[in-house]
$ cat run16.cif   # mmCIF, C-alpha atoms
data_entry
#
loop_
_atom_site.label_atom_id
_atom_site.label_comp_id
_atom_site.auth_asym_id
_atom_site.auth_seq_id
_atom_site.Cartn_x
_atom_site.Cartn_y
_atom_site.Cartn_z
CA MET A 1369 12.47 -71.88 167.27
CA ARG A 1370 16.12 -72.14 166.31
CA PHE A 1371 19.33 -73.34 167.95
CA SER A 1372 22.29 -70.98 168.24
CA ASP A 1373 24.79 -73.84 168.76
CA PRO A 1374 23.12 -76.78 166.97
CA GLU A 1375 26.31 -78.88 166.89
CA TRP A 1376 25.56 -79.97 170.47
CA LEU A 1377 22.47 -81.82 169.21
CA TRP A 1378 24.68 -84.49 167.64
CA LEU A 1379 25.22 -85.79 171.16
CA LEU A 1380 21.56 -86.89 171.22
CA LEU A 1381 22.50 -89.68 168.77
CA LEU A 1382 24.72 -91.17 171.43
CA LEU A 1383 21.90 -91.60 173.93
CA PRO A 1384 20.33 -94.70 172.29
CA LEU A 1385 23.78 -96.31 172.14
CA LEU A 1386 24.38 -95.46 175.76
CA ALA A 1387 20.96 -96.86 176.72
CA LEU A 1388 21.68 -100.09 174.81
CA TRP A 1389 25.01 -100.45 176.56
CA ARG A 1390 23.44 -99.88 179.96
CA GLY A 1391 20.71 -102.42 179.14
CA ARG A 1392 23.16 -105.12 178.12
CA GLN A 1393 25.30 -104.44 181.14
CA GLY A 1394 22.31 -105.12 183.33
CA ILE A 1395 21.73 -104.27 186.97
CA ALA A 1396 24.12 -105.53 189.60
CA THR A 1397 22.81 -108.43 191.71
CA ALA A 1398 21.37 -107.21 194.98
CA VAL A 1399 21.09 -110.64 196.71
CA GLU A 1400 22.87 -113.88 195.83
CA TYR A 1401 20.99 -117.22 195.95
CA SER A 1402 22.40 -120.70 196.18
CA SER A 1403 19.84 -121.92 193.69
CA ALA A 1404 17.77 -120.19 191.05
CA ASP A 1405 14.88 -122.49 191.91
CA LEU A 1406 14.20 -120.36 194.98
CA VAL A 1407 13.29 -117.33 192.93
CA ARG A 1408 12.03 -118.95 189.72
CA GLU A 1409 8.43 -118.67 190.80
CA ALA A 1410 8.87 -115.00 191.78
CA SER A 1411 10.27 -114.18 188.37
CA ARG A 1412 6.99 -115.23 186.75
CA ILE A 1413 5.11 -112.49 188.61
CA ARG A 1414 4.72 -109.26 186.65
CA ALA A 1415 6.06 -106.41 188.76
CA PHE A 1416 6.99 -102.80 188.37
CA ARG A 1417 10.66 -102.30 187.54
CA PRO A 1418 11.85 -99.16 189.35
CA GLY A 1419 15.27 -99.47 187.76
CA ARG A 1420 13.81 -98.67 184.35
CA LEU A 1421 12.06 -95.57 185.68
CA LEU A 1422 15.26 -94.29 187.31
CA LEU A 1423 17.19 -94.93 184.12
CA ALA A 1424 14.53 -93.05 182.14
CA PHE A 1425 14.81 -90.06 184.46
CA TRP A 1426 18.58 -90.07 184.07
CA PHE A 1427 18.43 -90.17 180.26
CA LEU A 1428 15.70 -87.50 180.12
CA GLY A 1429 17.83 -85.19 182.25
CA LEU A 1430 20.86 -85.78 180.03
CA ALA A 1431 18.79 -85.13 176.88
CA CYS A 1432 17.45 -81.87 178.33
CA TRP A 1433 20.97 -80.70 179.15
CA ILE A 1434 22.18 -81.45 175.63
CA VAL A 1435 19.29 -79.49 174.10
CA GLY A 1436 19.94 -76.64 176.54
CA MET A 1437 23.62 -76.48 175.52
CA ALA A 1438 22.46 -76.05 171.91
CA ARG A 1439 20.93 -72.72 173.07
CA PRO A 1440 17.32 -72.88 171.83
CA GLN A 1441 15.90 -69.49 170.86
CA ILE A 1442 12.40 -68.32 169.97
CA GLY A 1443 11.98 -65.68 167.28
CA HIS A 1444 9.70 -62.71 167.86
CA GLY A 1445 9.18 -61.73 164.25
CA ARG A 1446 11.00 -59.27 162.10
CA THR A 1447 11.75 -55.73 163.20
CA GLU A 1448 12.16 -53.04 160.58
CA ILE A 1449 14.71 -50.32 161.37
CA GLN A 1450 14.99 -47.17 159.31
CA ALA A 1451 18.46 -46.03 158.29
CA SER A 1452 18.78 -42.69 156.57
CA GLY A 1453 21.91 -43.45 154.59
CA ILE A 1454 23.65 -40.41 156.11
CA ASP A 1455 26.83 -40.75 158.14
CA ILE A 1456 27.80 -37.81 160.35
CA VAL A 1457 30.98 -37.14 162.32
CA LEU A 1458 30.80 -34.41 164.95
CA ALA A 1459 34.22 -32.81 165.54
CA LEU A 1460 34.07 -30.89 168.83
CA ASP A 1461 36.69 -28.48 170.17
CA LEU A 1462 37.93 -29.25 173.71
CA SER A 1463 40.58 -26.55 173.96
CA GLY A 1464 40.85 -24.55 177.19
CA SER A 1465 38.94 -21.58 175.82
CA MET A 1466 35.79 -23.74 175.70
CA ALA A 1467 35.55 -23.04 179.45
CA SER A 1468 34.58 -19.42 178.71
CA LEU A 1469 31.30 -18.39 180.34
CA ASP A 1470 29.85 -16.23 177.57
CA LEU A 1471 26.82 -18.42 176.79
CA LYS A 1472 23.73 -19.30 178.81
CA LEU A 1473 21.93 -22.53 179.58
CA ASP A 1474 18.46 -22.42 181.11
CA GLY A 1475 18.96 -18.70 181.73
CA GLN A 1476 22.19 -19.19 183.69
CA PRO A 1477 25.79 -18.52 182.56
CA ALA A 1478 27.40 -21.74 181.32
CA SER A 1479 30.64 -22.74 179.70
CA ARG A 1480 30.80 -23.09 175.95
CA LEU A 1481 31.43 -26.80 176.35
CA GLU A 1482 28.31 -27.39 178.46
CA VAL A 1483 26.16 -25.48 175.99
CA VAL A 1484 27.66 -27.34 173.03
CA LYS A 1485 27.04 -30.70 174.73
CA SER A 1486 23.43 -29.75 175.47
CA VAL A 1487 22.63 -28.52 171.95
CA THR A 1488 24.56 -31.34 170.28
CA SER A 1489 22.64 -33.95 172.27
CA LYS A 1490 19.35 -32.50 170.98
CA PHE A 1491 20.70 -32.68 167.43
CA ILE A 1492 21.61 -36.35 167.91
CA GLU A 1493 18.19 -37.17 169.38
CA ALA A 1494 16.51 -35.50 166.40
CA ARG A 1495 18.29 -37.82 163.94
CA PRO A 1496 17.67 -41.37 165.22
CA ASN A 1497 18.17 -42.94 161.80
CA ASP A 1498 21.66 -41.56 161.13
CA ARG A 1499 24.93 -43.21 162.00
CA ILE A 1500 26.81 -40.61 164.04
CA GLY A 1501 30.33 -40.57 165.46
CA ILE A 1502 32.24 -38.06 167.60
CA ILE A 1503 35.82 -36.78 167.33
CA ALA A 1504 37.08 -34.46 170.08
CA PHE A 1505 40.16 -32.32 169.57
CA ALA A 1506 42.44 -29.79 171.18
CA GLY A 1507 46.18 -30.08 170.49
CA ARG A 1508 45.35 -33.33 168.68
CA PRO A 1509 42.16 -35.25 167.82
CA TYR A 1510 40.97 -38.43 169.50
CA LEU A 1511 38.03 -40.75 168.91
CA VAL A 1512 35.12 -40.43 171.35
CA SER A 1513 32.75 -42.73 169.47
CA PRO A 1514 32.86 -44.48 166.09
CA LEU A 1515 29.90 -44.21 163.76
CA THR A 1516 26.91 -45.87 165.42
CA LEU A 1517 23.13 -46.10 165.45
CA ASP A 1518 23.26 -46.69 169.21
CA HIS A 1519 22.56 -43.09 170.13
CA GLY A 1520 22.06 -43.88 173.80
CA TRP A 1521 25.66 -45.02 174.02
CA LEU A 1522 26.70 -42.04 171.88
CA LEU A 1523 25.01 -39.55 174.22
CA THR A 1524 26.65 -41.17 177.24
CA ASN A 1525 30.09 -40.65 175.69
CA LEU A 1526 29.19 -37.08 174.73
CA GLU A 1527 28.28 -36.29 178.33
CA ARG A 1528 31.64 -37.60 179.52
CA LEU A 1529 33.58 -34.99 177.54
CA LYS A 1530 35.66 -32.73 179.77
CA LEU A 1531 38.37 -30.20 179.24
CA GLY A 1532 41.99 -31.04 179.97
CA PHE A 1533 42.06 -34.58 178.58
CA ILE A 1534 44.75 -33.66 176.07
CA GLU A 1535 47.29 -30.89 175.56
CA ASP A 1536 45.75 -27.47 175.03
CA SER A 1537 45.80 -26.05 171.49
CA THR A 1538 43.46 -26.10 168.51
CA ALA A 1539 44.32 -28.57 165.74
CA ILE A 1540 41.50 -27.90 163.29
CA GLY A 1541 43.26 -29.47 160.29
CA SER A 1542 44.04 -32.66 162.18
CA ALA A 1543 40.45 -32.84 163.47
CA VAL A 1544 39.07 -32.61 159.92
CA ALA A 1545 41.57 -35.24 158.73
CA ALA A 1546 40.62 -37.62 161.57
CA SER A 1547 36.93 -37.16 160.74
CA VAL A 1548 37.57 -37.79 157.05
CA ASN A 1549 39.43 -40.97 157.97
CA ARG A 1550 36.32 -42.24 159.78
CA LEU A 1551 34.11 -41.59 156.73
CA ARG A 1552 36.29 -42.35 153.74
CA GLU A 1553 35.51 -46.08 153.45
CA GLN A 1554 31.79 -45.83 154.24
CA LYS A 1555 29.30 -46.66 151.47
CA SER A 1556 26.61 -44.27 152.70
CA LYS A 1557 24.63 -41.98 150.38
CA SER A 1558 25.80 -38.86 152.17
CA LYS A 1559 28.82 -38.22 154.42
CA ILE A 1560 29.18 -35.01 156.39
CA ILE A 1561 31.38 -33.50 159.09
CA ILE A 1562 30.14 -30.87 161.52
CA LEU A 1563 33.15 -29.14 163.06
CA LEU A 1564 32.62 -26.80 166.01
CA THR A 1565 35.42 -24.64 167.38
CA ASP A 1566 35.98 -21.36 169.22
CA GLY A 1567 39.53 -20.71 168.04
CA MET A 1568 41.97 -20.85 165.17
CA ASN A 1569 44.29 -23.56 163.91
CA ASN A 1570 47.55 -23.40 165.89
CA ALA A 1571 48.57 -27.06 166.24
CA GLY A 1572 48.83 -30.29 164.28
CA LYS A 1573 50.78 -31.22 161.17
CA ILE A 1574 47.86 -30.97 158.73
CA MET A 1575 46.61 -27.64 157.46
CA PRO A 1576 42.82 -27.14 157.44
CA GLN A 1577 42.72 -26.45 153.70
CA THR A 1578 44.65 -29.62 152.91
CA ALA A 1579 42.23 -31.68 154.96
CA ALA A 1580 39.27 -29.95 153.27
CA ASP A 1581 40.66 -30.74 149.82
CA VAL A 1582 40.87 -34.43 150.75
CA ALA A 1583 37.31 -34.31 152.06
CA LYS A 1584 36.10 -32.80 148.78
CA THR A 1585 37.87 -35.53 146.79
CA LEU A 1586 36.12 -38.20 148.83
CA GLY A 1587 32.71 -36.55 148.52
CA ILE A 1588 32.51 -35.53 152.18
CA LYS A 1589 30.71 -32.29 153.01
CA LEU A 1590 32.02 -30.09 155.83
CA TYR A 1591 29.93 -27.73 157.96
CA THR A 1592 31.88 -25.45 160.28
CA ILE A 1593 30.60 -23.59 163.33
CA GLY A 1594 32.46 -20.81 165.13
CA VAL A 1595 31.08 -20.53 168.67
CA GLY A 1596 31.44 -17.72 171.22
CA VAL A 1597 30.85 -13.99 171.46
CA ARG A 1598 32.90 -11.53 169.45
CA GLY A 1599 35.44 -9.37 171.24
CA GLU A 1600 36.13 -10.60 174.79
CA ALA A 1601 34.63 -13.39 176.92
CA PRO A 1602 34.79 -14.14 180.68
CA MET A 1603 37.18 -17.01 181.37
CA PRO A 1604 37.58 -18.75 184.78
CA VAL A 1605 41.24 -18.84 185.81
CA GLU A 1606 43.02 -20.10 188.91
CA ASP A 1607 45.65 -18.08 190.77
CA ALA A 1608 48.74 -19.39 192.59
CA PHE A 1609 46.66 -20.06 195.72
CA GLY A 1610 44.08 -22.18 193.89
CA ARG A 1611 41.43 -19.48 193.98
CA LYS A 1612 39.26 -19.12 190.88
CA HIS A 1613 38.17 -15.83 189.39
CA LEU A 1614 37.00 -14.52 186.03
CA GLU A 1615 39.21 -12.73 183.54
CA MET A 1616 38.21 -11.25 180.21
CA ILE A 1617 40.03 -12.94 177.33
CA LYS A 1618 40.12 -12.04 173.66
CA VAL A 1619 37.99 -14.19 171.37
CA ASP A 1620 39.89 -15.22 168.28
CA VAL A 1621 37.78 -17.37 165.93
CA ASP A 1622 39.33 -17.80 162.47
CA GLU A 1623 36.12 -17.20 160.56
CA GLU A 1624 37.87 -16.82 157.22
CA THR A 1625 39.51 -20.25 157.36
CA LEU A 1626 36.37 -21.94 158.64
CA LYS A 1627 34.32 -20.40 155.87
CA LYS A 1628 36.84 -21.33 153.19
CA ILE A 1629 37.19 -25.00 154.12
CA ALA A 1630 33.41 -25.37 154.39
CA GLU A 1631 32.84 -23.85 150.96
CA THR A 1632 35.59 -26.07 149.48
CA THR A 1633 33.52 -29.16 150.27
CA GLY A 1634 30.14 -27.70 149.38
CA GLY A 1635 29.18 -27.06 152.99
CA GLN A 1636 28.56 -23.85 154.94
CA PHE A 1637 30.09 -21.82 157.75
CA TYR A 1638 27.97 -20.58 160.67
CA ARG A 1639 28.70 -18.21 163.53
CA ALA A 1640 27.04 -18.91 166.88
CA THR A 1641 27.33 -16.03 169.33
CA ASP A 1642 24.74 -17.32 171.78
CA THR A 1643 22.90 -20.51 172.68
CA ASP A 1644 19.81 -19.76 170.58
CA SER A 1645 21.86 -19.15 167.44
CA LEU A 1646 23.73 -22.42 168.01
CA ARG A 1647 20.41 -24.27 168.27
CA GLU A 1648 19.22 -22.57 165.09
CA ILE A 1649 22.41 -23.57 163.26
CA TYR A 1650 21.99 -27.22 164.18
CA GLY A 1651 18.38 -26.94 163.07
CA GLN A 1652 19.41 -25.55 159.68
CA ILE A 1653 21.93 -28.35 159.16
CA ASP A 1654 19.27 -30.86 160.19
CA LYS A 1655 16.95 -29.54 157.45
CA LEU A 1656 19.67 -29.44 154.81
CA GLU A 1657 20.90 -32.98 155.33
CA LYS A 1658 17.91 -35.22 154.72
CA SER A 1659 17.76 -38.43 152.72
CA VAL A 1660 15.21 -41.04 151.70
CA ASN A 1661 15.04 -43.71 154.37
CA THR A 1662 16.16 -47.24 153.59
CA MET A 1663 14.81 -50.20 155.53
CA LYS A 1664 16.96 -52.72 157.35
CA THR A 1665 15.27 -55.84 158.67
CA PHE A 1666 16.34 -57.73 161.75
CA GLU A 1667 14.80 -60.70 163.55
CA SER A 1668 14.96 -60.73 167.32
CA TYR A 1669 15.36 -63.94 169.31
CA GLU A 1670 14.85 -64.75 172.98
CA GLU A 1671 17.09 -67.27 174.73
CA LYS A 1672 15.19 -70.30 176.10
CA THR A 1673 18.12 -72.32 177.43
CA ALA A 1674 16.59 -72.37 180.91
CA TRP A 1675 13.53 -74.19 179.52
CA PHE A 1676 15.71 -77.29 179.16
CA LEU A 1677 18.49 -76.91 181.71
CA VAL A 1678 16.06 -76.57 184.65
CA PRO A 1679 13.91 -79.64 183.75
CA GLY A 1680 17.12 -81.57 183.07
CA LEU A 1681 18.35 -80.77 186.54
CA ALA A 1682 14.94 -81.75 187.96
CA PHE A 1683 15.01 -85.17 186.25
CA VAL A 1684 18.52 -85.93 187.52
CA MET A 1685 17.64 -84.79 191.05
CA MET A 1686 14.47 -86.91 190.98
CA GLU A 1687 16.46 -89.96 189.87
CA THR A 1688 18.98 -89.41 192.67
CA LEU A 1689 16.28 -88.84 195.30
CA LEU A 1690 14.23 -91.92 194.36
CA ALA A 1691 17.31 -94.08 194.10
CA GLN A 1692 18.26 -93.15 197.64
CA THR A 1693 14.74 -93.39 199.14
CA ARG A 1694 11.73 -95.29 197.74
CA PHE A 1695 13.59 -97.31 195.12
CA ARG A 1696 16.75 -97.86 197.12
CA ARG A 1697 18.28 -101.28 196.44
CA LEU A 1698 19.74 -103.65 199.00
CA PRO A 1699 23.52 -103.37 199.34
#
$ encode --input "run16.cif" --output "structure tokens"
Amino acid sequence: MRFSDPEWLWLLLLLPLLALWRGRQGIATAVEYSSADLVREASRIRAFRPGRLLLAFWFLGLACWIVGMARPQIGHGRTEIQASGIDIVLALDLSGSMASLDLKLDGQPASRLEVVKSVTSKFIEARPNDRIGIIAFAGRPYLVSPLTLDHGWLLTNLERLKLGFIEDSTAIGSAVAASVNRLREQKSKSKIIILLTDGMNNAGKIMPQTAADVAKTLGIKLYTIGVGVRGEAPMPVEDAFGRKHLEMIKVDVDEETLKKIAETTGGQFYRATDTDSLREIYGQIDKLEKSVNTMKTFESYEEKTAWFLVPGLAFVMMETLLAQTRFRRLP
């Protein structure tokens, strides 16, 4: 057992002093006599002193409360957690073209974003020992989740991703730079960025190649994925009356730039034209980026404050109840 706030235990040293003070103060006279001779004989009879019992209950309750405020905790042994030593930032495109319905999910047409979220979640679940973060981008990047081993929380934030959060464009260079910024000060064995987009860089103040050069300098590997069919893809659009219909739009993935910035950092470029190929790409990256596991040890503790607060309350209530009933003194 340990105490999370042990400084409260110093108050226990005051209890003997308080008891001594209460003892010297004595108990107030219940009945006055004109002469002590009237009760001298009664004082020689040994009798139970209820006042001492009530005082004991009161001090026991106070002691229990003090121990409870120190937050006693019971350890449940050491838990070993594996950490791979690999930090991964997923940079996901949220530009308007990610609404295109050229991919399938469970045999049904689905937007690129929904397919990417589904496949990405499986990738995250397959790497429980990696610290993973998410950067989303369109006209500019923003942080969805910092690097974390809490993949449940990570998956929740991934599922919340929707189109239209930020201005529509594709800032690939800025997305890479934001991802690099999240990894640059980490001491991990391996640091990688997986960037997924369906367009070409047309926004942001940082060029993709410049960001890739910085990543290379910092030892960060970049994998790039171009997603979507080649040629034209069906895109849901809304007319002036709010009615939605599909229009064929031209697919314009800058494969050359994506390939170049990946190769600059020692990574690879992949082209995913359907859901199966996207799954396969994530599987290939999963096999490429493996590391020897390191062990981190943690000790879990369970709060036991109630073990002392509840008995303390019971002692005080018992003292109050007895003082007002069985051991009630004359006024």
$ residues_around --input "run16.cif" --residues "A:Leu1471" --least-positions-apart "5" --cutoff "6 Å" --atoms "all atoms listed in the file" --output "mmCIF file with C-alpha atoms, keeping the file's coordinate frame"
data_model
loop_
_atom_site.group_PDB
_atom_site.id
_atom_site.type_symbol
_atom_site.label_atom_id
_atom_site.label_comp_id
_atom_site.auth_asym_id
_atom_site.auth_seq_id
_atom_site.Cartn_x
_atom_site.Cartn_y
_atom_site.Cartn_z
ATOM 1 C CA PRO A 1477 25.790 -18.520 182.560
ATOM 2 C CA ALA A 1478 27.400 -21.740 181.320
ATOM 3 C CA ASP A 1642 24.740 -17.320 171.780
#
$ resolve_selection --input "run16.cif" --expression "the PyMOL selection byres ((chain A and resi 1372) around 12)" --output "ChimeraX atom specification"
/A:1369-1371,1373-1377,1435-1443,1669-1673
$ atom_distance --input "run16.cif" --atom1 "atom CA of A:Gly1680" --atom2 "atom CA of A:Leu1430"
6.4 Å
$ atom_distance --input "run16.cif" --atom1 "atom CA of A:Pro1602" --atom2 "atom CA of A:Glu1623"
20.4 Å
$ closest_residue --input "run16.cif" --among "A:Asp1654, A:Asp1607, A:Asp1474, A:Asp1498" --to "A:Val1457" --atoms "only C-alpha atoms"
A:Asp1498
$ atom_distance --input "run16.cif" --atom1 "atom CA of A:Ala1494" --atom2 "atom CA of A:Thr1633"
24.3 Å
$ resolve_selection --input "run16.cif" --expression "the PyMOL selection byres ((chain A and resi 1554-1565) around 7)" --output "PyMOL selection string"
chain A and resi 1453-1461+1547+1551-1553+1566-1567+1588-1595
$ closest_residue --input "run16.cif" --among "A:Leu1481, A:Leu1689, A:Leu1646, A:Leu1379" --to "A:Leu1531" --atoms "all atoms listed in the file"
A:Leu1481
$ residues_around --input "run16.cif" --residues "A:Gly1596" --least-positions-apart "3" --cutoff "9 Å" --atoms "all atoms listed in the file" --output "ChimeraX atom specification"
/A:1466,1468,1470-1471,1480,1565-1566,1601,1619,1621,1639-1642
$ residues_around --input "run16.cif" --residues "stretch 1520-1525 of chain A" --least-positions-apart "2" --cutoff "12 Å" --atoms "all atoms listed in the file" --output "PyMOL selection string"
chain A and resi 1457-1458+1485-1493+1496+1498-1504+1511-1518+1527-1530
$ write_last_selection --input "run16.cif" --atoms "C-alpha atoms" --output "PDB file, keeping the file's coordinate frame"
ATOM      1  CA  VAL A1457      30.980 -37.140 162.320  1.00  0.00           C
ATOM      2  CA  LEU A1458      30.800 -34.410 164.950  1.00  0.00           C
ATOM      3  CA  LYS A1485      27.040 -30.700 174.730  1.00  0.00           C
ATOM      4  CA  SER A1486      23.430 -29.750 175.470  1.00  0.00           C
ATOM      5  CA  VAL A1487      22.630 -28.520 171.950  1.00  0.00           C
ATOM      6  CA  THR A1488      24.560 -31.340 170.280  1.00  0.00           C
ATOM      7  CA  SER A1489      22.640 -33.950 172.270  1.00  0.00           C
ATOM      8  CA  LYS A1490      19.350 -32.500 170.980  1.00  0.00           C
ATOM      9  CA  PHE A1491      20.700 -32.680 167.430  1.00  0.00           C
ATOM     10  CA  ILE A1492      21.610 -36.350 167.910  1.00  0.00           C
ATOM     11  CA  GLU A1493      18.190 -37.170 169.380  1.00  0.00           C
ATOM     12  CA  PRO A1496      17.670 -41.370 165.220  1.00  0.00           C
ATOM     13  CA  ASP A1498      21.660 -41.560 161.130  1.00  0.00           C
ATOM     14  CA  ARG A1499      24.930 -43.210 162.000  1.00  0.00           C
ATOM     15  CA  ILE A1500      26.810 -40.610 164.040  1.00  0.00           C
ATOM     16  CA  GLY A1501      30.330 -40.570 165.460  1.00  0.00           C
ATOM     17  CA  ILE A1502      32.240 -38.060 167.600  1.00  0.00           C
ATOM     18  CA  ILE A1503      35.820 -36.780 167.330  1.00  0.00           C
ATOM     19  CA  ALA A1504      37.080 -34.460 170.080  1.00  0.00           C
ATOM     20  CA  LEU A1511      38.030 -40.750 168.910  1.00  0.00           C
ATOM     21  CA  VAL A1512      35.120 -40.430 171.350  1.00  0.00           C
ATOM     22  CA  SER A1513      32.750 -42.730 169.470  1.00  0.00           C
ATOM     23  CA  PRO A1514      32.860 -44.480 166.090  1.00  0.00           C
ATOM     24  CA  LEU A1515      29.900 -44.210 163.760  1.00  0.00           C
ATOM     25  CA  THR A1516      26.910 -45.870 165.420  1.00  0.00           C
ATOM     26  CA  LEU A1517      23.130 -46.100 165.450  1.00  0.00           C
ATOM     27  CA  ASP A1518      23.260 -46.690 169.210  1.00  0.00           C
ATOM     28  CA  GLU A1527      28.280 -36.290 178.330  1.00  0.00           C
ATOM     29  CA  ARG A1528      31.640 -37.600 179.520  1.00  0.00           C
ATOM     30  CA  LEU A1529      33.580 -34.990 177.540  1.00  0.00           C
ATOM     31  CA  LYS A1530      35.660 -32.730 179.770  1.00  0.00           C
TER      32      LYS A1530
END
$ resolve_selection --input "run16.cif" --expression "the PyMOL selection byres ((chain A and resi 1570-1587) around 8)" --output "ChimeraX atom specification"
/A:1507-1508,1537-1542,1544-1545,1548,1552,1559,1568-1569,1588-1590,1625,1628-1630,1632-1634
